[in-house]
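One file, structure.cif, is given below (mmCIF, C-alpha atoms).
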data_run
#
loop_
_atom_site.label_atom_id
_atom_site.label_comp_id
_atom_site.auth_asym_id
_atom_site.auth_seq_id
_atom_site.Cartn_x
_atom_site.Cartn_y
_atom_site.Cartn_z
CA MET K 13 43.03 -4.96 -46.34
CA ALA K 14 44.92 -5.39 -43.09
CA LEU K 15 43.52 -2.11 -41.82
CA SER K 16 39.93 -3.05 -42.68
CA ARG K 17 40.28 -6.43 -40.95
CA THR K 18 41.70 -4.72 -37.90
CA ARG K 19 38.73 -2.34 -37.78
CA ARG K 20 36.23 -5.23 -37.92
CA GLU K 21 38.06 -7.08 -35.17
CA GLY K 22 37.91 -3.99 -32.99
CA MET K 23 34.14 -3.68 -33.46
CA ASN K 24 33.53 -7.26 -32.23
CA TYR K 25 34.33 -6.27 -28.57
CA TRP K 26 31.15 -4.31 -28.16
CA PRO K 27 28.53 -7.17 -28.17
CA GLY K 28 30.49 -9.14 -25.57
CA PHE K 29 30.80 -6.06 -23.43
CA VAL K 30 27.05 -5.38 -23.67
CA ASP K 31 26.24 -8.98 -22.64
CA ALA K 32 28.60 -8.77 -19.67
CA LEU K 33 27.19 -5.41 -18.60
CA SER K 34 23.57 -6.67 -18.89
CA THR K 35 24.40 -9.74 -16.82
CA LEU K 36 26.09 -7.55 -14.23
CA VAL K 37 23.10 -5.17 -13.97
CA LEU K 38 20.59 -8.04 -13.66
CA SER K 39 22.74 -9.69 -10.97
CA VAL K 40 22.96 -6.43 -9.01
CA ILE K 41 19.18 -5.87 -9.25
CA PHE K 42 18.51 -9.42 -8.07
CA LEU K 43 20.91 -9.06 -5.14
CA LEU K 44 19.40 -5.71 -4.14
CA THR K 45 15.90 -7.25 -4.27
CA VAL K 46 17.03 -10.18 -2.12
CA PHE K 47 18.63 -7.76 0.33
CA MET K 48 15.45 -5.63 0.57
CA VAL K 49 13.38 -8.76 1.25
CA ALA K 50 15.86 -9.81 3.93
CA GLN K 51 15.72 -6.32 5.50
CA PHE K 52 11.90 -6.50 5.57
CA TYR K 53 11.86 -9.85 7.34
CA LEU K 54 14.55 -8.73 9.77
CA SER K 55 12.41 -5.71 10.76
CA GLN K 56 9.57 -7.89 12.02
CA GLU K 57 9.30 -8.13 15.78
CA VAL K 58 8.77 -11.34 17.66
CA ALA K 59 6.06 -11.76 20.28
CA GLY K 60 5.95 -14.48 22.91
CA LYS K 61 8.78 -16.60 24.12
CA ASP K 62 8.32 -19.76 22.04
CA THR K 63 7.27 -17.81 18.89
CA ALA K 64 10.25 -15.46 19.31
CA LEU K 65 12.68 -18.37 19.46
CA ASP K 66 11.22 -19.99 16.34
CA LYS K 67 11.29 -16.73 14.39
CA LEU K 68 14.84 -15.94 15.47
CA ASN K 69 16.00 -19.38 14.33
CA ALA K 70 14.15 -18.97 11.02
CA GLN K 71 15.63 -15.51 10.45
CA ILE K 72 19.14 -16.76 11.17
CA ALA K 73 18.65 -19.55 8.62
CA ARG K 74 17.33 -17.11 6.00
CA LEU K 75 20.11 -14.61 6.66
CA SER K 76 22.70 -17.35 6.39
CA GLN K 77 21.22 -18.38 3.04
CA LEU K 78 21.19 -14.76 1.84
CA LEU K 79 24.79 -14.33 2.98
CA SER K 80 25.77 -17.40 1.00
CA LEU K 81 23.94 -16.08 -2.07
CA GLU K 82 25.58 -12.68 -1.75
CA ARG K 83 28.99 -14.26 -1.35
CA THR K 84 28.35 -16.22 -4.52
CA GLY K 85 27.17 -13.03 -6.24
CA LYS K 86 30.23 -11.19 -5.02
CA ALA K 87 32.50 -13.89 -6.43
CA ASN K 88 30.64 -13.71 -9.75
CA LEU K 89 31.00 -9.93 -9.82
CA GLU K 90 34.71 -10.21 -9.06
CA ASP K 91 35.06 -12.67 -11.94
CA GLU K 92 33.22 -10.29 -14.24
CA VAL K 93 35.40 -7.38 -13.10
CA ALA K 94 38.48 -9.47 -13.83
CA GLN K 95 37.11 -10.21 -17.30
CA LEU K 96 36.37 -6.53 -17.84
CA ARG K 97 39.89 -5.61 -16.76
CA ALA K 98 41.31 -8.20 -19.14
CA SER K 99 39.11 -6.80 -21.90
CA LEU K 100 40.25 -3.30 -20.97
CA THR K 101 43.90 -4.36 -21.15
CA ALA K 102 43.31 -5.97 -24.53
CA ALA K 103 41.52 -2.85 -25.75
CA GLU K 104 44.34 -0.62 -24.53
CA THR K 105 46.83 -2.88 -26.30
CA GLU K 106 44.80 -2.67 -29.47
CA ARG K 107 44.52 1.10 -29.09
CA ASP K 108 48.32 1.41 -28.73
CA ARG K 109 48.81 -0.76 -31.77
CA LEU K 110 46.37 1.33 -33.75
CA ARG K 111 48.08 4.52 -32.61
CA THR K 112 51.39 3.14 -33.87
CA ALA K 113 49.77 2.28 -37.22
CA SER K 114 48.02 5.64 -37.33
CA GLY K 115 51.36 7.32 -38.11
CA GLN K 116 51.00 5.93 -41.66
CA ALA K 117 47.24 6.44 -42.04
CA ALA K 118 46.24 8.95 -39.36
CA ALA K 119 43.24 10.33 -41.18
CA ALA K 120 41.78 6.91 -42.07
CA ASP K 121 42.24 5.51 -38.58
CA GLN K 122 40.97 8.52 -36.62
CA GLY K 123 37.38 7.23 -36.56
CA ALA K 124 38.42 3.78 -35.30
CA THR K 125 40.66 5.35 -32.64
CA ASP K 126 37.84 7.58 -31.40
CA LYS K 127 35.50 4.61 -31.26
CA LEU K 128 38.00 2.55 -29.32
CA ASN K 129 38.57 5.47 -26.94
CA SER K 130 34.81 5.71 -26.42
CA GLN K 131 34.61 1.99 -25.75
CA LEU K 132 37.50 2.22 -23.34
CA ASP K 133 35.82 5.06 -21.49
CA LEU K 134 32.60 3.06 -21.27
CA GLU K 135 34.45 0.00 -20.00
CA LYS K 136 36.29 2.12 -17.42
CA ALA K 137 32.99 3.56 -16.24
CA ALA K 138 31.43 0.06 -16.06
CA THR K 139 34.44 -1.20 -14.13
CA ALA K 140 34.17 1.69 -11.67
CA ARG K 141 30.47 1.00 -11.17
CA ALA K 142 31.15 -2.70 -10.61
CA LEU K 143 33.83 -1.89 -8.05
CA ALA K 144 31.45 0.48 -6.26
CA GLN K 145 28.78 -2.21 -6.23
CA ILE K 146 31.25 -4.73 -4.83
CA GLU K 147 32.17 -2.27 -2.09
CA ASN K 148 28.49 -1.72 -1.33
CA LEU K 149 27.88 -5.46 -1.18
CA ASN K 150 30.83 -5.84 1.19
CA GLU K 151 29.28 -3.26 3.49
CA GLN K 152 25.90 -5.02 3.31
CA ILE K 153 27.49 -8.37 4.09
CA SER K 154 29.21 -6.83 7.11
CA ALA K 155 25.88 -5.38 8.26
CA LEU K 156 24.20 -8.77 7.83
CA ARG K 157 26.95 -10.42 9.85
CA ARG K 158 26.43 -7.90 12.64
CA GLN K 159 22.69 -8.54 12.57
CA ILE K 160 23.23 -12.30 12.71
CA ALA K 161 25.56 -11.87 15.67
CA ALA K 162 22.98 -9.69 17.46
CA LEU K 163 20.24 -12.24 16.75
CA GLU K 164 22.38 -15.09 18.02
CA GLU K 165 23.14 -13.11 21.17
CA ALA K 166 19.42 -12.35 21.69
CA LEU K 167 18.58 -16.00 21.07
CA GLY K 168 21.11 -17.13 23.65
CA ALA K 169 19.80 -14.66 26.23
CA SER K 170 16.22 -15.76 25.55
CA GLU K 171 17.15 -19.42 25.94
CA LYS K 172 18.86 -18.67 29.26
CA LYS K 173 15.79 -16.78 30.50
CA GLU K 174 13.51 -19.60 29.40
CA SER K 175 15.66 -22.19 31.14
CA ALA K 176 15.66 -20.18 34.38
CA ALA K 177 11.89 -19.67 34.13
CA GLN K 178 11.31 -23.37 33.58
CA LEU K 179 13.38 -24.17 36.68
CA ARG K 180 11.40 -21.66 38.73
CA ILE K 181 8.10 -23.02 37.42
CA ALA K 182 9.13 -26.59 38.22
CA ASP K 183 10.17 -25.56 41.73
CA LEU K 184 6.96 -23.62 42.33
CA GLY K 185 4.90 -26.49 40.93
CA GLN K 186 6.61 -28.97 43.24
CA ARG K 187 6.10 -26.73 46.25
CA LEU K 188 2.47 -26.14 45.29
CA ASN K 189 1.86 -29.87 44.92
CA VAL K 190 3.35 -30.49 48.35
CA ALA K 191 1.22 -27.73 49.88
CA LEU K 192 -1.92 -29.00 48.16
CA ALA K 193 -1.21 -32.54 49.26
CA GLN K 194 -0.83 -31.34 52.85
CA ARG K 195 -4.08 -29.36 52.65
CA VAL K 196 -5.95 -32.30 51.11
CA GLN K 197 -4.61 -34.60 53.83
CA GLU K 198 -5.69 -32.18 56.55
CA LEU K 199 -9.10 -31.70 54.94
CA SER K 200 -9.52 -35.48 54.66
CA ARG K 201 -8.89 -35.77 58.38
CA TYR K 202 -11.47 -33.08 59.17
CA ARG K 203 -13.91 -34.73 56.76
CA SER K 204 -13.55 -38.04 58.57
CA ASP K 205 -14.13 -36.30 61.91
CA PHE K 206 -17.10 -34.42 60.45
CA PHE K 207 -18.73 -37.56 59.01
CA GLY K 208 -18.07 -39.39 62.24
CA LYS K 209 -19.76 -36.66 64.26
CA LEU K 210 -22.68 -36.60 61.80
CA ARG K 211 -23.06 -40.35 62.19
CA GLU K 212 -23.01 -39.92 65.96
CA ILE K 213 -25.57 -37.09 65.85
CA LEU K 214 -27.95 -38.58 63.29
CA GLY K 215 -27.73 -42.14 64.53
CA ASN K 216 -27.41 -45.41 62.63
CA ARG K 217 -30.25 -44.97 60.15
CA PRO K 218 -30.59 -47.00 56.91
CA ASP K 219 -31.64 -43.90 54.94
CA ILE K 220 -28.42 -42.07 55.88
CA ARG K 221 -25.08 -43.57 54.81
CA VAL K 222 -21.51 -42.75 53.86
CA VAL K 223 -20.53 -43.53 50.24
CA GLY K 224 -16.85 -42.86 49.56
CA ASP K 225 -16.15 -39.24 50.47
CA ARG K 226 -19.85 -38.28 50.55
CA PHE K 227 -22.58 -38.32 53.21
CA VAL K 228 -25.81 -39.48 51.52
CA PHE K 229 -29.36 -38.67 52.73
CA GLN K 230 -32.42 -40.15 51.09
CA SER K 231 -34.59 -37.36 49.70
CA GLU K 232 -37.64 -38.60 51.66
CA ILE K 233 -35.95 -37.40 54.87
CA PHE K 234 -36.32 -33.78 53.74
CA PHE K 235 -38.95 -33.62 50.95
CA ASP K 236 -42.25 -35.07 49.88
CA SER K 237 -42.43 -36.70 46.45
CA GLY K 238 -42.00 -34.15 43.63
CA SER K 239 -41.54 -31.28 46.10
CA ALA K 240 -38.60 -29.00 47.00
CA THR K 241 -40.18 -27.70 50.23
CA LEU K 242 -38.50 -28.93 53.42
CA ARG K 243 -40.59 -31.09 55.71
CA PRO K 244 -40.68 -30.28 59.45
CA ASP K 245 -38.84 -33.47 60.39
CA GLY K 246 -36.31 -32.74 57.64
CA ARG K 247 -35.65 -29.34 59.17
CA ALA K 248 -34.94 -31.01 62.48
CA GLU K 249 -32.30 -33.17 60.81
CA LEU K 250 -30.82 -30.09 59.11
CA ASP K 251 -30.63 -28.36 62.49
CA LYS K 252 -28.30 -31.13 63.62
CA LEU K 253 -26.33 -30.84 60.41
CA ALA K 254 -25.99 -27.05 60.81
CA GLY K 255 -24.65 -27.49 64.33
CA ALA K 256 -22.06 -30.01 63.12
CA ILE K 257 -20.96 -27.64 60.31
CA LEU K 258 -20.58 -24.70 62.69
CA ASP K 259 -18.52 -26.85 65.05
CA LEU K 260 -16.38 -28.01 62.08
CA GLU K 261 -15.79 -24.40 60.99
CA LYS K 262 -14.20 -23.63 64.35
CA LYS K 263 -11.77 -26.55 64.04
CA ILE K 264 -10.57 -26.15 60.43
CA PRO K 265 -7.66 -23.65 60.15
CA SER K 266 -8.49 -20.41 58.37
CA ASP K 267 -5.83 -21.02 55.68
CA ILE K 268 -7.73 -24.10 54.40
CA ASP K 269 -10.31 -22.89 51.87
CA TRP K 270 -13.05 -25.52 52.21
CA VAL K 271 -16.62 -25.74 51.03
CA LEU K 272 -19.52 -28.10 51.75
CA SER K 273 -21.12 -29.09 48.45
CA VAL K 274 -24.85 -29.97 48.57
CA GLU K 275 -25.92 -32.03 45.56
CA GLY K 276 -29.47 -33.01 44.61
CA HIS K 277 -30.30 -36.22 42.69
CA THR K 278 -33.56 -37.78 41.47
CA ASP K 279 -34.60 -41.12 40.01
CA VAL K 280 -35.40 -41.66 36.32
CA ARG K 281 -39.14 -41.17 36.60
CA PRO K 282 -40.19 -37.87 34.98
CA VAL K 283 -41.95 -35.13 36.91
CA GLY K 284 -45.73 -35.06 36.67
CA PRO K 285 -47.69 -32.79 34.33
CA THR K 286 -48.87 -30.65 37.26
CA SER K 287 -45.38 -30.27 38.76
CA PRO K 288 -44.02 -26.73 39.10
CA PHE K 289 -40.72 -28.05 37.78
CA LYS K 290 -39.94 -28.57 34.09
CA SER K 291 -37.64 -31.56 34.65
CA ASN K 292 -35.88 -33.70 37.24
CA TRP K 293 -32.88 -31.45 36.77
CA ASP K 294 -34.86 -28.43 37.98
CA LEU K 295 -36.28 -30.46 40.88
CA SER K 296 -32.85 -31.69 42.03
CA ALA K 297 -31.35 -28.20 41.83
CA ALA K 298 -34.30 -26.68 43.76
CA ARG K 299 -33.90 -29.27 46.52
CA ALA K 300 -30.17 -28.60 46.86
CA ILE K 301 -30.86 -24.85 47.02
CA SER K 302 -33.54 -25.35 49.69
CA VAL K 303 -31.06 -27.25 51.89
CA VAL K 304 -28.37 -24.59 51.41
CA GLN K 305 -30.77 -21.73 52.17
CA TYR K 306 -31.93 -23.41 55.36
CA LEU K 307 -28.34 -24.00 56.53
CA ILE K 308 -27.53 -20.32 55.83
CA ALA K 309 -30.56 -19.32 57.90
CA LYS K 310 -29.10 -21.39 60.75
CA GLY K 311 -25.83 -19.43 60.68
CA VAL K 312 -23.66 -21.41 58.28
CA PRO K 313 -21.54 -18.93 56.25
CA PRO K 314 -22.76 -18.79 52.62
CA GLN K 315 -19.19 -18.83 51.29
CA ARG K 316 -18.78 -22.33 52.79
CA LEU K 317 -21.74 -23.78 50.86
CA ASP K 318 -22.62 -24.47 47.26
CA ALA K 319 -25.60 -26.17 45.63
CA ALA K 320 -25.85 -28.27 42.49
CA GLY K 321 -28.53 -30.38 40.82
CA PHE K 322 -27.78 -33.47 38.71
CA GLY K 323 -31.28 -34.82 38.02
CA GLN K 324 -31.33 -38.53 37.21
CA TYR K 325 -27.95 -38.54 35.41
CA GLN K 326 -25.69 -39.80 38.24
CA PRO K 327 -27.45 -42.84 39.72
CA ILE K 328 -25.70 -44.93 42.39
CA ASP K 329 -27.98 -47.92 41.81
CA PRO K 330 -28.48 -49.06 38.18
CA GLY K 331 -31.57 -51.11 39.03
CA THR K 332 -35.20 -50.22 38.28
CA SER K 333 -36.85 -51.59 41.43
CA ASP K 334 -38.51 -49.31 43.98
CA GLU K 335 -35.56 -49.82 46.29
CA ALA K 336 -33.05 -48.88 43.58
CA LEU K 337 -35.07 -45.79 42.67
CA ALA K 338 -35.22 -44.80 46.34
CA HIS K 339 -31.43 -45.07 46.57
CA ASN K 340 -31.04 -42.70 43.62
CA ARG K 341 -33.38 -40.06 45.13
CA ARG K 342 -30.89 -38.45 47.47
CA ILE K 343 -29.11 -35.39 48.84
CA GLU K 344 -25.32 -35.73 49.00
CA LEU K 345 -22.92 -33.72 51.14
CA LYS K 346 -19.26 -33.48 50.14
CA LEU K 347 -16.58 -31.62 52.11
CA THR K 348 -13.88 -30.52 49.67
CA ALA K 349 -11.30 -27.85 48.96
CA ARG K 350 -12.46 -24.91 46.88
#
Do you think you could lay out the structure here as structure tokens?
Amino acid sequence: MALSRTRREGMNYWPGFVDALSTLVLSVIFLLTVFMVAQFYLSQEVAGKDTALDKLNAQIARLSQLLSLERTGKANLEDEVAQLRASLTAAETERDRLRTASGQAAAADQGATDKLNSQLDLEKAATARALAQIENLNEQISALRRQIAALEEALGASEKKESAAQLRIADLGQRLNVALAQRVQELSRYRSDFFGKLREILGNRPDIRVVGDRFVFQSEIFFDSGSATLRPDGRAELDKLAGAILDLEKKIPSDIDWVLSVEGHTDVRPVGPTSPFKSNWDLSAARAISVVQYLIAKGVPPQRLDAAGFGQYQPIDPGTSDEALAHNRRIELKLTAR
């Protein structure tokens, strides 16, 4: 009876061992899967300064989390190994006890002894595998630590480069703003001289006036109603304007990139059904181009001129009287930096 009870107690070790081994294998598979996912994300390259910094920070956070998980897994494996060793010790103790009892019933106990030896061999093999896995995990943890250190070093270098670049950009921006302000100030002075000379050349006429930074001509000076062909008296006025521009070109330093913008504007009344133009926009653009082409023919460099048409969409007089409409039909000159 004592021998039979002893045999049953020996057989009860196997289910616990199978559960522990299954848990160990599942834990190892999970950790290896997590590690492969981490390796995949670590292999991705970053592109662009801001994106690289964000990805590096995100990878460091994920690696830190994985490291924590693996440390936890390692601790669990070490606990399981300790349990297996304790089980192995208990099994060896039981085997020794059975060997002592086998002197009285060697034949009857041979099967139980062989089974215990087999179980012991299996447990030793499982323990060896667990130790090898722990060693492998230690190596992987070390590799992850080295990767984290390299990422932190790269992140620090990138932040230093970004800081230096920001300082250089700020310095260049400040210097550029100063240079632009100086050029704008110089161009404003030449514009004032240019408008003053135009006023002197063209005389004090009510249909020619200065509005802000623009010299405004009424369209009737150059064109008949609904037409983009220059009138003879309009050409005479443009001859004076061309002379003033050529004189201005000699005075402005070559390092100031300036341009004289010629803008055409109409009133709100639509073009007639027999007009060669589809809309006031076409008419205003054609008039601006006619002025520019005439100035080019008089020797003004084309690169110092541009033409634009705005139709009726930028009125300077909101009224609807004939006088207000006449004010809105105009050619504007603006001297500005390119």
Item checked: Residue with smallest distance to Gly323 of chain K - pool K:Glu344, K:Ala297, K:Ala309, K:Arg243, counting only C-alpha atoms -> K:Ala297
Next item on the list: Would you list the contacts of Phe42 of chain K as a ChimeraX atom specification, taking every protein, DNA or RNA residue within 12 Å and counting only C-alpha atoms, but skipping same-chain residues closer than 4 positions in sequence?
Entry: /K:35-38,46-49,78,81-82,85
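In terms of minimum interatomic distance to Val280 of chain K, K:Asp329 ranks closest within K:Glu261, K:Glu174, K:Asp329, K:Asp318, counting all atoms listed in the file.
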Notebook entry, point to check: Please, what distance in Å, to one decimal, runs between atom CA of Ala102 of chain K and atom CA of Asp133 of chain K?
Noted result: 13.7 Å
Notebook entry, point to check: How would you write as a list of chain:residue names the residues that get within 10 Å of (-29.8, -34.3, 41.1) in the file's frame, counting only C-alpha atoms?
Noted result: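 Those residues, ordered by chain and then number, are K:Val274, K:Glu275, K:Gly276, K:His277, K:Thr278, K:Asp279, K:Asn292, K:Trp293, K:Asp294, K:Leu295, K:Ser296, K:Ala297, K:Ala298, K:Arg299, K:Ala300, K:Ala320, K:Gly321, K:Phe322, K:Gly323, K:Gln324, K:Tyr325, K:Gln326, K:Pro327, K:Asn340, K:Arg341, K:Arg342, K:Ile343, K:Glu344.
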Item checked: All residues 8 Å or closer to Ile72 of chain K, only C-alpha atoms, same chain fewer than 3 positions away omitted, as a ChimeraX atom specification -> /K:68-69,75-76,160,163-164
Next item on the list: Would you mind telling me which residue in K:Ser273, K:Gln159, K:Ser237, K:Thr101 lies nearest to Ala50 of chain K when using only C-alpha atoms?
Entry: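 Of K:Ser273, K:Gln159, K:Ser237, K:Thr101, the one nearest Ala50 of chain K is K:Gln159, counting only C-alpha atoms.
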Next item on the list: Quote the spacing between atom CA of Phe29 of chain K and atom CA of Asp126 of chain K in Å to one decimal place.
Entry: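 According to the coordinates, atom CA of Phe29 of chain K and atom CA of Asp126 of chain K are separated by 17.3 Å.
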Next item on the list: For the structure shown, which residues end up in the PyMOL selection byres ((chain K and resi 348) around 6)? Put them as a list in words, please?
Entry: Trp270, Val271, Leu347 and Ala349 of chain K
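Atom to atom, atom CA of Leu149 of chain K and atom CA of Glu135 of chain K stand 20.7 Å apart.
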